[in-house]
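Listing of entry-v2.csv; format and content: CSV, N, CA and C atoms.
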chain,number,residue,atom,x,y,z
A,252,MET,N,-20.4,48.5,-32.9
A,252,MET,CA,-20.5,48.3,-31.4
A,252,MET,C,-20.4,46.8,-31.1
A,253,MET,N,-19.4,46.4,-30.2
A,253,MET,CA,-19.2,45.0,-29.9
A,253,MET,C,-20.2,44.6,-28.9
A,254,ALA,N,-20.7,43.3,-29.0
A,254,ALA,CA,-21.6,42.8,-28.0
A,254,ALA,C,-20.8,42.4,-26.8
A,255,ASN,N,-21.5,42.5,-25.7
A,255,ASN,CA,-20.9,42.2,-24.4
A,255,ASN,C,-20.6,40.7,-24.3
A,256,PRO,N,-19.4,40.2,-23.9
A,256,PRO,CA,-19.2,38.8,-23.8
A,256,PRO,C,-20.1,38.2,-22.7
A,257,VAL,N,-20.5,37.0,-23.0
A,257,VAL,CA,-21.3,36.3,-22.0
A,257,VAL,C,-20.5,35.4,-21.1
A,258,GLY,N,-20.8,35.4,-19.9
A,258,GLY,CA,-20.1,34.6,-18.9
A,258,GLY,C,-18.8,35.2,-18.4
A,259,ARG,N,-18.1,34.4,-17.6
A,259,ARG,CA,-16.9,34.8,-16.9
A,259,ARG,C,-15.7,34.7,-17.8
A,260,PRO,N,-14.7,35.6,-17.7
A,260,PRO,CA,-13.5,35.3,-18.6
A,260,PRO,C,-12.8,34.1,-18.2
A,261,ARG,N,-12.1,33.5,-19.1
A,261,ARG,CA,-11.3,32.2,-18.8
A,261,ARG,C,-10.2,32.5,-17.8
A,262,THR,N,-10.0,31.6,-16.9
A,262,THR,CA,-8.9,31.8,-15.9
A,262,THR,C,-7.6,31.7,-16.7
A,263,ASN,N,-6.6,32.6,-16.4
A,263,ASN,CA,-5.3,32.5,-17.0
A,263,ASN,C,-4.2,32.6,-16.0
A,264,ILE,N,-3.0,32.4,-16.4
A,264,ILE,CA,-1.9,32.4,-15.5
A,264,ILE,C,-1.7,33.6,-14.7
A,265,ARG,N,-2.2,34.8,-15.2
A,265,ARG,CA,-2.1,36.0,-14.4
A,265,ARG,C,-3.0,36.0,-13.2
A,266,ASP,N,-4.0,35.1,-13.2
A,266,ASP,CA,-4.9,35.0,-12.1
A,266,ASP,C,-4.3,34.3,-10.9
A,267,LEU,N,-3.2,33.7,-11.1
A,267,LEU,CA,-2.5,32.9,-10.0
A,267,LEU,C,-1.7,33.8,-9.1
A,268,PRO,N,-1.5,33.4,-7.9
A,268,PRO,CA,-0.6,34.1,-7.0
A,268,PRO,C,0.9,34.1,-7.4
A,269,ASP,N,1.6,35.1,-7.1
A,269,ASP,CA,3.1,35.1,-7.4
A,269,ASP,C,3.7,33.8,-6.7
A,270,GLY,N,4.6,33.2,-7.5
A,270,GLY,CA,5.2,32.0,-7.0
A,270,GLY,C,4.4,30.8,-7.1
A,271,TRP,N,3.4,30.8,-8.0
A,271,TRP,CA,2.4,29.7,-8.0
A,271,TRP,C,3.1,28.3,-8.3
A,272,GLU,N,4.2,28.3,-9.1
A,272,GLU,CA,4.9,27.0,-9.3
A,272,GLU,C,5.5,26.4,-8.0
A,273,ASN,N,6.1,27.3,-7.2
A,273,ASN,CA,6.7,26.9,-6.0
A,273,ASN,C,5.6,26.4,-5.0
A,274,ILE,N,4.4,27.1,-5.0
A,274,ILE,CA,3.3,26.7,-4.2
A,274,ILE,C,2.9,25.3,-4.5
A,275,MET,N,2.7,25.1,-5.8
A,275,MET,CA,2.3,23.8,-6.3
A,275,MET,C,3.3,22.7,-6.0
A,276,ARG,N,4.5,22.9,-6.2
A,276,ARG,CA,5.6,21.9,-6.0
A,276,ARG,C,5.7,21.6,-4.5
A,277,GLY,N,5.6,22.7,-3.7
A,277,GLY,CA,5.7,22.5,-2.2
A,277,GLY,C,4.6,21.6,-1.7
A,278,ALA,N,3.4,21.8,-2.2
A,278,ALA,CA,2.3,21.0,-1.7
A,278,ALA,C,2.4,19.6,-2.2
A,279,ALA,N,2.8,19.4,-3.5
A,279,ALA,CA,2.9,18.1,-4.1
A,279,ALA,C,4.0,17.3,-3.4
A,280,GLN,N,5.0,17.9,-3.0
A,280,GLN,CA,6.1,17.2,-2.3
A,280,GLN,C,5.7,16.7,-0.9
A,281,GLU,N,4.5,17.2,-0.4
A,281,GLU,CA,4.0,16.7,0.8
A,281,GLU,C,2.8,15.8,0.6
A,282,GLY,N,2.6,15.4,-0.7
A,282,GLY,CA,1.5,14.4,-1.0
A,282,GLY,C,0.1,15.1,-1.3
A,283,ALA,N,0.1,16.4,-1.5
A,283,ALA,CA,-1.2,17.1,-1.6
A,283,ALA,C,-1.9,16.6,-2.9
A,284,SER,N,-3.3,16.6,-2.8
A,284,SER,CA,-4.1,16.3,-3.9
A,284,SER,C,-4.3,17.6,-4.8
A,285,ASP,N,-4.8,17.4,-6.0
A,285,ASP,CA,-5.2,18.5,-6.9
A,285,ASP,C,-6.1,19.5,-6.2
A,286,VAL,N,-7.1,19.0,-5.4
A,286,VAL,CA,-8.0,19.8,-4.7
A,286,VAL,C,-7.3,20.7,-3.7
A,287,GLU,N,-6.3,20.2,-3.0
A,287,GLU,CA,-5.5,21.0,-2.0
A,287,GLU,C,-4.8,22.1,-2.8
A,288,VAL,N,-4.2,21.7,-3.9
A,288,VAL,CA,-3.4,22.6,-4.6
A,288,VAL,C,-4.3,23.7,-5.2
A,289,ARG,N,-5.4,23.4,-5.7
A,289,ARG,CA,-6.3,24.4,-6.2
A,289,ARG,C,-6.7,25.4,-5.2
A,290,CYS,N,-7.0,24.9,-4.0
A,290,CYS,CA,-7.3,25.8,-2.9
A,290,CYS,C,-6.2,26.7,-2.5
A,291,LEU,N,-5.0,26.2,-2.5
A,291,LEU,CA,-3.8,27.0,-2.3
A,291,LEU,C,-3.6,28.1,-3.3
A,292,LEU,N,-4.0,27.8,-4.6
A,292,LEU,CA,-3.9,28.8,-5.7
A,292,LEU,C,-5.1,29.7,-5.7
A,293,GLY,N,-6.2,29.3,-5.0
A,293,GLY,CA,-7.4,30.2,-5.1
A,293,GLY,C,-8.2,30.1,-6.3
A,294,ILE,N,-8.1,28.9,-7.0
A,294,ILE,CA,-8.9,28.7,-8.2
A,294,ILE,C,-9.8,27.5,-8.0
A,295,GLY,N,-10.9,27.4,-8.8
A,295,GLY,CA,-11.8,26.3,-8.7
A,295,GLY,C,-11.5,25.2,-9.8
A,296,GLU,N,-12.3,24.2,-9.8
A,296,GLU,CA,-12.1,23.1,-10.7
A,296,GLU,C,-12.1,23.5,-12.1
A,297,SER,N,-13.0,24.3,-12.5
A,297,SER,CA,-13.1,24.7,-14.0
A,297,SER,C,-11.9,25.5,-14.4
A,298,GLY,N,-11.5,26.4,-13.5
A,298,GLY,CA,-10.3,27.2,-13.7
A,298,GLY,C,-9.0,26.4,-13.9
A,299,TRP,N,-8.9,25.3,-13.0
A,299,TRP,CA,-7.8,24.4,-13.0
A,299,TRP,C,-7.7,23.7,-14.4
A,300,TYR,N,-8.9,23.2,-14.9
A,300,TYR,CA,-8.9,22.5,-16.2
A,300,TYR,C,-8.7,23.5,-17.4
A,301,THR,N,-9.2,24.7,-17.2
A,301,THR,CA,-8.9,25.7,-18.2
A,301,THR,C,-7.4,26.0,-18.4
A,302,LEU,N,-6.8,26.1,-17.2
A,302,LEU,CA,-5.3,26.4,-17.3
A,302,LEU,C,-4.5,25.2,-17.8
A,303,ILE,N,-4.9,24.0,-17.5
A,303,ILE,CA,-4.3,22.9,-18.1
A,303,ILE,C,-4.4,22.8,-19.6
A,304,GLU,N,-5.6,23.2,-20.1
A,304,GLU,CA,-5.8,23.2,-21.5
A,304,GLU,C,-5.1,24.4,-22.2
A,305,ASP,N,-5.1,25.5,-21.6
A,305,ASP,CA,-4.7,26.8,-22.3
A,305,ASP,C,-3.2,27.1,-22.1
A,306,ASP,N,-2.6,26.6,-21.0
A,306,ASP,CA,-1.2,27.1,-20.7
A,306,ASP,C,-0.2,25.9,-20.5
A,307,GLU,N,0.7,25.8,-21.5
A,307,GLU,CA,1.6,24.7,-21.5
A,307,GLU,C,2.5,24.6,-20.2
A,308,GLN,N,2.9,25.8,-19.7
A,308,GLN,CA,3.7,25.8,-18.5
A,308,GLN,C,3.0,25.2,-17.3
A,309,PHE,N,1.7,25.6,-17.2
A,309,PHE,CA,0.9,25.1,-16.1
A,309,PHE,C,0.7,23.7,-16.3
A,310,CYS,N,0.4,23.2,-17.5
A,310,CYS,CA,0.2,21.8,-17.7
A,310,CYS,C,1.4,21.0,-17.3
A,311,ARG,N,2.6,21.4,-17.7
A,311,ARG,CA,3.8,20.7,-17.4
A,311,ARG,C,4.0,20.7,-15.9
A,312,THR,N,3.7,21.8,-15.2
A,312,THR,CA,3.8,21.8,-13.7
A,312,THR,C,2.9,20.9,-13.1
A,313,VAL,N,1.6,20.8,-13.5
A,313,VAL,CA,0.7,19.8,-13.0
A,313,VAL,C,1.2,18.4,-13.1
A,314,LYS,N,1.7,18.1,-14.3
A,314,LYS,CA,2.3,16.7,-14.5
A,314,LYS,C,3.4,16.4,-13.6
A,315,GLU,N,4.3,17.4,-13.4
A,315,GLU,CA,5.4,17.3,-12.5
A,315,GLU,C,4.9,17.1,-11.0
A,316,CYS,N,3.9,17.8,-10.7
A,316,CYS,CA,3.4,17.8,-9.3
A,316,CYS,C,2.7,16.4,-9.1
A,317,LYS,N,2.0,15.9,-10.0
A,317,LYS,CA,1.4,14.6,-9.9
A,317,LYS,C,2.5,13.5,-9.6
A,318,ALA,N,3.6,13.6,-10.2
A,318,ALA,CA,4.7,12.7,-10.0
A,318,ALA,C,5.3,12.9,-8.6
A,319,LEU,N,5.5,14.2,-8.2
A,319,LEU,CA,6.0,14.5,-6.9
A,319,LEU,C,5.1,13.9,-5.8
A,320,CYS,N,3.8,14.1,-6.0
A,320,CYS,CA,2.8,13.6,-5.0
A,320,CYS,C,2.9,12.1,-4.9
A,321,GLN,N,3.0,11.4,-6.0
A,321,GLN,CA,3.0,9.9,-6.0
A,321,GLN,C,4.3,9.5,-5.3
A,322,VAL,N,5.4,10.2,-5.5
A,322,VAL,CA,6.7,9.8,-4.9
A,322,VAL,C,6.5,9.9,-3.3
A,323,TRP,N,5.9,11.0,-2.9
A,323,TRP,CA,5.7,11.2,-1.4
A,323,TRP,C,4.9,10.0,-0.9
A,324,TRP,N,3.8,9.6,-1.5
A,324,TRP,CA,3.0,8.5,-1.0
A,324,TRP,C,3.7,7.2,-1.1
A,325,GLU,N,4.5,6.9,-2.2
A,325,GLU,CA,5.2,5.7,-2.3
A,325,GLU,C,6.3,5.6,-1.2
A,326,ARG,N,7.0,6.7,-0.9
A,326,ARG,CA,8.0,6.7,0.1
A,326,ARG,C,7.3,6.5,1.5
A,327,THR,N,6.2,7.1,1.7
A,327,THR,CA,5.5,6.9,3.0
A,327,THR,C,5.2,5.4,3.2
A,328,GLY,N,4.7,4.8,2.1
A,328,GLY,CA,4.4,3.3,2.2
A,328,GLY,C,5.6,2.5,2.4
A,329,ARG,N,6.7,2.9,1.8
A,329,ARG,CA,8.0,2.1,2.0
A,329,ARG,C,8.5,2.3,3.4
A,330,LYS,N,8.3,3.4,4.0
A,330,LYS,CA,8.8,3.6,5.4
A,330,LYS,C,7.9,2.8,6.3
A,331,MET,N,6.6,2.7,6.0
A,331,MET,CA,5.7,1.9,6.9
A,331,MET,C,6.2,0.4,6.8
A,332,THR,N,6.7,-0.1,5.7
A,332,THR,CA,7.1,-1.5,5.7
A,332,THR,C,8.3,-1.7,6.5
A,333,MET,N,9.0,-0.6,6.9
A,333,MET,CA,10.2,-0.7,7.7
A,333,MET,C,9.9,-0.4,9.2
A,334,GLY,N,8.6,-0.3,9.5
A,334,GLY,CA,8.2,0.0,10.9
A,334,GLY,C,7.8,1.4,11.2
A,335,ALA,N,7.8,2.3,10.3
A,335,ALA,CA,7.3,3.6,10.6
A,335,ALA,C,5.8,3.7,10.9
A,336,ASP,N,5.4,4.6,11.7
A,336,ASP,CA,4.0,4.8,12.0
A,336,ASP,C,3.2,5.1,10.7
A,337,GLY,N,2.0,4.6,10.7
A,337,GLY,CA,1.1,4.9,9.6
A,337,GLY,C,0.0,3.9,9.6
A,338,ASN,N,-1.0,4.1,8.8
A,338,ASN,CA,-2.2,3.2,8.6
A,338,ASN,C,-2.1,2.6,7.3
A,339,ALA,N,-1.7,1.3,7.2
A,339,ALA,CA,-1.5,0.6,6.0
A,339,ALA,C,-2.8,0.6,5.1
A,340,THR,N,-4.0,0.4,5.8
A,340,THR,CA,-5.2,0.3,5.1
A,340,THR,C,-5.5,1.6,4.4
A,341,VAL,N,-5.4,2.7,5.1
A,341,VAL,CA,-5.6,4.0,4.5
A,341,VAL,C,-4.6,4.2,3.3
A,342,TRP,N,-3.4,3.9,3.5
A,342,TRP,CA,-2.4,4.0,2.5
A,342,TRP,C,-2.7,3.3,1.2
A,343,ILE,N,-3.1,2.0,1.4
A,343,ILE,CA,-3.5,1.2,0.3
A,343,ILE,C,-4.7,1.7,-0.5
A,344,PHE,N,-5.7,2.2,0.2
A,344,PHE,CA,-6.9,2.7,-0.5
A,344,PHE,C,-6.5,4.0,-1.2
A,345,ASN,N,-5.7,4.8,-0.6
A,345,ASN,CA,-5.2,6.0,-1.2
A,345,ASN,C,-4.5,5.7,-2.5
A,346,MET,N,-3.6,4.7,-2.5
A,346,MET,CA,-2.9,4.4,-3.7
A,346,MET,C,-3.8,3.9,-4.8
A,347,LYS,N,-4.8,3.1,-4.4
A,347,LYS,CA,-5.8,2.6,-5.4
A,347,LYS,C,-6.6,3.7,-6.0
A,348,ASN,N,-7.1,4.6,-5.1
A,348,ASN,CA,-8.0,5.6,-5.6
A,348,ASN,C,-7.3,6.7,-6.3
A,349,ARG,N,-6.1,7.1,-5.9
A,349,ARG,CA,-5.4,8.2,-6.6
A,349,ARG,C,-4.5,7.8,-7.7
A,350,PHE,N,-3.9,6.6,-7.6
A,350,PHE,CA,-2.9,6.2,-8.6
A,350,PHE,C,-3.2,5.0,-9.4
A,351,GLY,N,-4.5,4.5,-9.3
A,351,GLY,CA,-4.9,3.4,-10.1
A,351,GLY,C,-4.3,2.0,-9.7
A,352,TRP,N,-3.8,1.9,-8.5
A,352,TRP,CA,-3.3,0.6,-8.0
A,352,TRP,C,-4.4,-0.4,-7.9
A,353,LYS,N,-4.1,-1.7,-8.1
A,353,LYS,CA,-5.1,-2.8,-8.0
A,353,LYS,C,-4.5,-3.9,-7.3
A,354,ASP,N,-5.3,-4.7,-6.6
A,354,ASP,CA,-4.9,-5.9,-6.0
A,354,ASP,C,-4.6,-7.0,-7.0
A,355,LYS,N,-5.4,-7.0,-8.1
A,355,LYS,CA,-5.2,-8.0,-9.1
A,355,LYS,C,-5.9,-7.5,-10.4
A,356,THR,N,-5.6,-8.1,-11.5
A,356,THR,CA,-6.2,-7.8,-12.7
A,356,THR,C,-7.1,-8.9,-13.2
A,357,GLU,N,-8.3,-8.6,-13.4
A,357,GLU,CA,-9.2,-9.7,-13.9
A,357,GLU,C,-9.4,-9.5,-15.4
A,358,LEU,N,-9.4,-10.7,-16.0
A,358,LEU,CA,-9.6,-10.7,-17.5
A,358,LEU,C,-11.0,-11.2,-17.7
A,359,THR,N,-11.7,-10.5,-18.6
A,359,THR,CA,-13.0,-10.9,-19.0
A,359,THR,C,-13.2,-11.0,-20.5
A,360,GLY,N,-14.2,-11.7,-20.9
A,360,GLY,CA,-14.4,-11.8,-22.3
A,360,GLY,C,-15.2,-10.6,-22.8
A,361,GLU,N,-15.8,-10.8,-24.0
A,361,GLU,CA,-16.5,-9.8,-24.6
A,361,GLU,C,-17.7,-9.3,-23.8
A,362,GLY,N,-17.9,-8.0,-23.6
A,362,GLY,CA,-19.0,-7.5,-22.9
A,362,GLY,C,-18.9,-7.8,-21.4
A,363,GLY,N,-17.7,-8.1,-20.9
A,363,GLY,CA,-17.6,-8.4,-19.5
A,363,GLY,C,-17.9,-9.8,-19.1
A,364,GLY,N,-18.3,-10.6,-20.1
A,364,GLY,CA,-18.6,-12.0,-19.8
A,364,GLY,C,-17.4,-12.9,-19.6
A,365,PRO,N,-17.6,-14.2,-19.5
A,365,PRO,CA,-16.5,-15.1,-19.3
A,365,PRO,C,-15.6,-15.2,-20.6
A,366,MET,N,-14.4,-15.6,-20.3
A,366,MET,CA,-13.4,-15.7,-21.4
A,366,MET,C,-13.8,-17.0,-22.2
A,367,VAL,N,-13.6,-16.9,-23.5
A,367,VAL,CA,-13.8,-18.0,-24.3
A,367,VAL,C,-12.5,-18.5,-24.8
A,368,ILE,N,-12.1,-19.7,-24.6
A,368,ILE,CA,-10.8,-20.3,-25.0
A,368,ILE,C,-11.1,-21.4,-26.0
A,369,GLU,N,-10.4,-21.2,-27.1
A,369,GLU,CA,-10.5,-22.2,-28.1
A,369,GLU,C,-9.3,-23.1,-28.2
A,370,VAL,N,-9.4,-24.4,-28.0
A,370,VAL,CA,-8.3,-25.3,-28.1
A,370,VAL,C,-8.2,-25.9,-29.5
A,371,VAL,N,-7.1,-25.8,-30.1
A,371,VAL,CA,-6.9,-26.3,-31.4
A,371,VAL,C,-5.8,-27.4,-31.3
A,372,LYS,N,-6.2,-28.6,-31.8
A,372,LYS,CA,-5.2,-29.7,-31.8
A,372,LYS,C,-4.7,-29.9,-33.3
A,373,PHE,N,-3.4,-30.1,-33.4
A,373,PHE,CA,-2.9,-30.2,-34.7
A,373,PHE,C,-2.7,-31.7,-34.9
A,374,GLY,N,-3.1,-32.2,-36.1
A,374,GLY,CA,-3.0,-33.6,-36.4
A,374,GLY,C,-1.8,-33.9,-37.3
A,375,GLN,N,-1.7,-35.1,-37.8
A,375,GLN,CA,-0.6,-35.5,-38.6
A,375,GLN,C,-0.5,-34.5,-39.8
A,376,GLY,N,0.7,-34.2,-40.1
A,376,GLY,CA,0.9,-33.4,-41.3
A,376,GLY,C,0.7,-31.9,-41.1
A,377,GLN,N,0.2,-31.5,-39.9
A,377,GLN,CA,0.0,-30.1,-39.6
A,377,GLN,C,1.1,-29.6,-38.8
A,378,THR,N,1.5,-28.3,-39.0
A,378,THR,CA,2.5,-27.7,-38.2
A,378,THR,C,2.0,-26.5,-37.4
A,379,THR,N,2.8,-26.1,-36.5
A,379,THR,CA,2.3,-24.9,-35.7
A,379,THR,C,2.9,-23.6,-36.2
A,380,SER,N,3.6,-23.7,-37.3
A,380,SER,CA,4.2,-22.4,-37.8
A,380,SER,C,3.3,-21.8,-38.9
Please, can you express the file's structure as structure tokens?
Amino acid sequence: MMANPVGRPRTNIRDLPDGWENIMRGAAQEGASDVEVRCLLGIGESGWYTLIEDDEQFCRTVKECKALCQVWWERTGRKMTMGADGNATVWIFNMKNRFGWKDKTELTGEGGGPMVIEVVKFGQGQTTS
């Protein structure tokens, strides 16, 4: 006699609505976040990550949708530079938070401390090679 499995079964591709790829792409082409897409598919966060881990087709579609989403946001920002309506501050924070954009890159030394720079002078008879 088999023991009863504990917990909920893992989410799989059959749990998604028909046309799930088109649903995902359509939302991503409008700049939708992963949370928005999950809601459209009717799955939670753990199901989302289970599908990414277990199903290559779903994983590829998620990667494609992330690119489509970023394209939408980049185009929106580009249009704003040409005078289109929009809120530049909201756009900038969105790009920083969703796509890792930064105003500048700060260099730090070991443990986040200051950089240590060693200056070496070459004397007579020494070469730099």
Nearby residues (all atoms listed in the file) at most 7 Å from stretch 304-317 of chain A, same-chain spacing under 6 positions excluded, as a PDB file with N, CA and C atoms, in the frame of the given file:
ATOM      1  N   GLU A 272       4.200  28.300  -9.100  1.00  0.00           N
ATOM      2  CA  GLU A 272       4.900  27.000  -9.300  1.00  0.00           C
ATOM      3  C   GLU A 272       5.500  26.400  -8.000  1.00  0.00           C
ATOM      4  N   MET A 275       2.700  25.100  -5.800  1.00  0.00           N
ATOM      5  CA  MET A 275       2.300  23.800  -6.300  1.00  0.00           C
ATOM      6  C   MET A 275       3.300  22.700  -6.000  1.00  0.00           C
ATOM      7  N   ARG A 276       4.500  22.900  -6.200  1.00  0.00           N
ATOM      8  CA  ARG A 276       5.600  21.900  -6.000  1.00  0.00           C
ATOM      9  C   ARG A 276       5.700  21.600  -4.500  1.00  0.00           C
ATOM     10  N   ALA A 279       2.800  19.400  -3.500  1.00  0.00           N
ATOM     11  CA  ALA A 279       2.900  18.100  -4.100  1.00  0.00           C
ATOM     12  C   ALA A 279       4.000  17.300  -3.400  1.00  0.00           C
ATOM     13  N   GLN A 280       5.000  17.900  -3.000  1.00  0.00           N
ATOM     14  CA  GLN A 280       6.100  17.200  -2.300  1.00  0.00           C
ATOM     15  C   GLN A 280       5.700  16.700  -0.900  1.00  0.00           C
TER      16      GLN A 280
END
Give me the residues within 8 Å of A:Ile294 as a PyMOL selection string, counting only N, CA and C atoms and dropping any in the same chain fewer than 5 places off. chain A and resi 266-267+288-289+299
So that I can see what lies close to stretch 343-350 of chain A, please list as a PyMOL selection string the residues with an atom at most 8 Å from it, counting only N, CA and C atoms and leaving out residues fewer than 6 positions away in the same chain. chain A and resi 321+324-325+328
Could you go through chain A and tell me which residues DSSP, when run on the backbone, assigns to alpha helix (DSSP H), listing them as an NGL selection string? :A and (271-279 or 285-292 or 296-305 or 307-332 or 339-350)
If we count all atoms listed in the file, what is near A:Arg261 at a cut-off of 8 Å, once residues fewer than 6 positions away on the same chain are taken out, given as a ChimeraX atom specification? /A:297-298,301-302
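In this comparison, which uses only C-alpha atoms, the residue of A:Leu319, A:Ile303, A:Ile264, A:Leu358 approaching A:Ser284 most closely is A:Leu319.
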Between atom C of A:Gly277 and atom C of A:Pro260, measure the distance and give it in Å to one decimal. 27.0 Å
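Note that atom N of A:Cys320 and atom CA of A:Ala283 are 7.3 Å apart.
Distance-wise, atom CA of A:Val370 and atom C of A:Asp354 end up 28.2 Å apart.
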Can I get stretch 336-348 of chain A with N, CA, C and O atoms filled in, as an mmCIF file, keeping the file's coordinate frame?
data_model
loop_
_atom_site.group_PDB
_atom_site.id
_atom_site.type_symbol
_atom_site.label_atom_id
_atom_site.label_comp_id
_atom_site.auth_asym_id
_atom_site.auth_seq_id
_atom_site.Cartn_x
_atom_site.Cartn_y
_atom_site.Cartn_z
ATOM 1 N N ASP A 336 5.400 4.600 11.700
ATOM 2 C CA ASP A 336 4.000 4.800 12.000
ATOM 3 C C ASP A 336 3.200 5.100 10.700
ATOM 4 O O ASP A 336 3.688 5.728 9.816
ATOM 5 N N GLY A 337 2.000 4.600 10.700
ATOM 6 C CA GLY A 337 1.100 4.900 9.600
ATOM 7 C C GLY A 337 0.000 3.900 9.600
ATOM 8 O O GLY A 337 -0.027 2.882 10.349
ATOM 9 N N ASN A 338 -1.000 4.100 8.800
ATOM 10 C CA ASN A 338 -2.200 3.200 8.600
ATOM 11 C C ASN A 338 -2.100 2.600 7.300
ATOM 12 O O ASN A 338 -2.422 3.223 6.255
ATOM 13 N N ALA A 339 -1.700 1.300 7.200
ATOM 14 C CA ALA A 339 -1.500 0.600 6.000
ATOM 15 C C ALA A 339 -2.800 0.600 5.100
ATOM 16 O O ALA A 339 -2.783 0.700 3.908
ATOM 17 N N THR A 340 -4.000 0.400 5.800
ATOM 18 C CA THR A 340 -5.200 0.300 5.100
ATOM 19 C C THR A 340 -5.500 1.600 4.400
ATOM 20 O O THR A 340 -5.914 1.652 3.198
ATOM 21 N N VAL A 341 -5.400 2.700 5.100
ATOM 22 C CA VAL A 341 -5.600 4.000 4.500
ATOM 23 C C VAL A 341 -4.600 4.200 3.300
ATOM 24 O O VAL A 341 -5.018 4.724 2.279
ATOM 25 N N TRP A 342 -3.400 3.900 3.500
ATOM 26 C CA TRP A 342 -2.400 4.000 2.500
ATOM 27 C C TRP A 342 -2.700 3.300 1.200
ATOM 28 O O TRP A 342 -2.698 3.791 0.131
ATOM 29 N N ILE A 343 -3.100 2.000 1.400
ATOM 30 C CA ILE A 343 -3.500 1.200 0.300
ATOM 31 C C ILE A 343 -4.700 1.700 -0.500
ATOM 32 O O ILE A 343 -4.646 1.844 -1.732
ATOM 33 N N PHE A 344 -5.700 2.200 0.200
ATOM 34 C CA PHE A 344 -6.900 2.700 -0.500
ATOM 35 C C PHE A 344 -6.500 4.000 -1.200
ATOM 36 O O PHE A 344 -7.023 4.320 -2.259
ATOM 37 N N ASN A 345 -5.700 4.800 -0.600
ATOM 38 C CA ASN A 345 -5.200 6.000 -1.200
ATOM 39 C C ASN A 345 -4.500 5.700 -2.500
ATOM 40 O O ASN A 345 -4.760 6.353 -3.550
ATOM 41 N N MET A 346 -3.600 4.700 -2.500
ATOM 42 C CA MET A 346 -2.900 4.400 -3.700
ATOM 43 C C MET A 346 -3.800 3.900 -4.800
ATOM 44 O O MET A 346 -3.671 4.177 -5.990
ATOM 45 N N LYS A 347 -4.800 3.100 -4.400
ATOM 46 C CA LYS A 347 -5.800 2.600 -5.400
ATOM 47 C C LYS A 347 -6.600 3.700 -6.000
ATOM 48 O O LYS A 347 -6.818 3.719 -7.200
ATOM 49 N N ASN A 348 -7.100 4.600 -5.100
ATOM 50 C CA ASN A 348 -8.000 5.600 -5.600
ATOM 51 C C ASN A 348 -7.300 6.700 -6.300
ATOM 52 O O ASN A 348 -7.831 7.300 -7.287
#
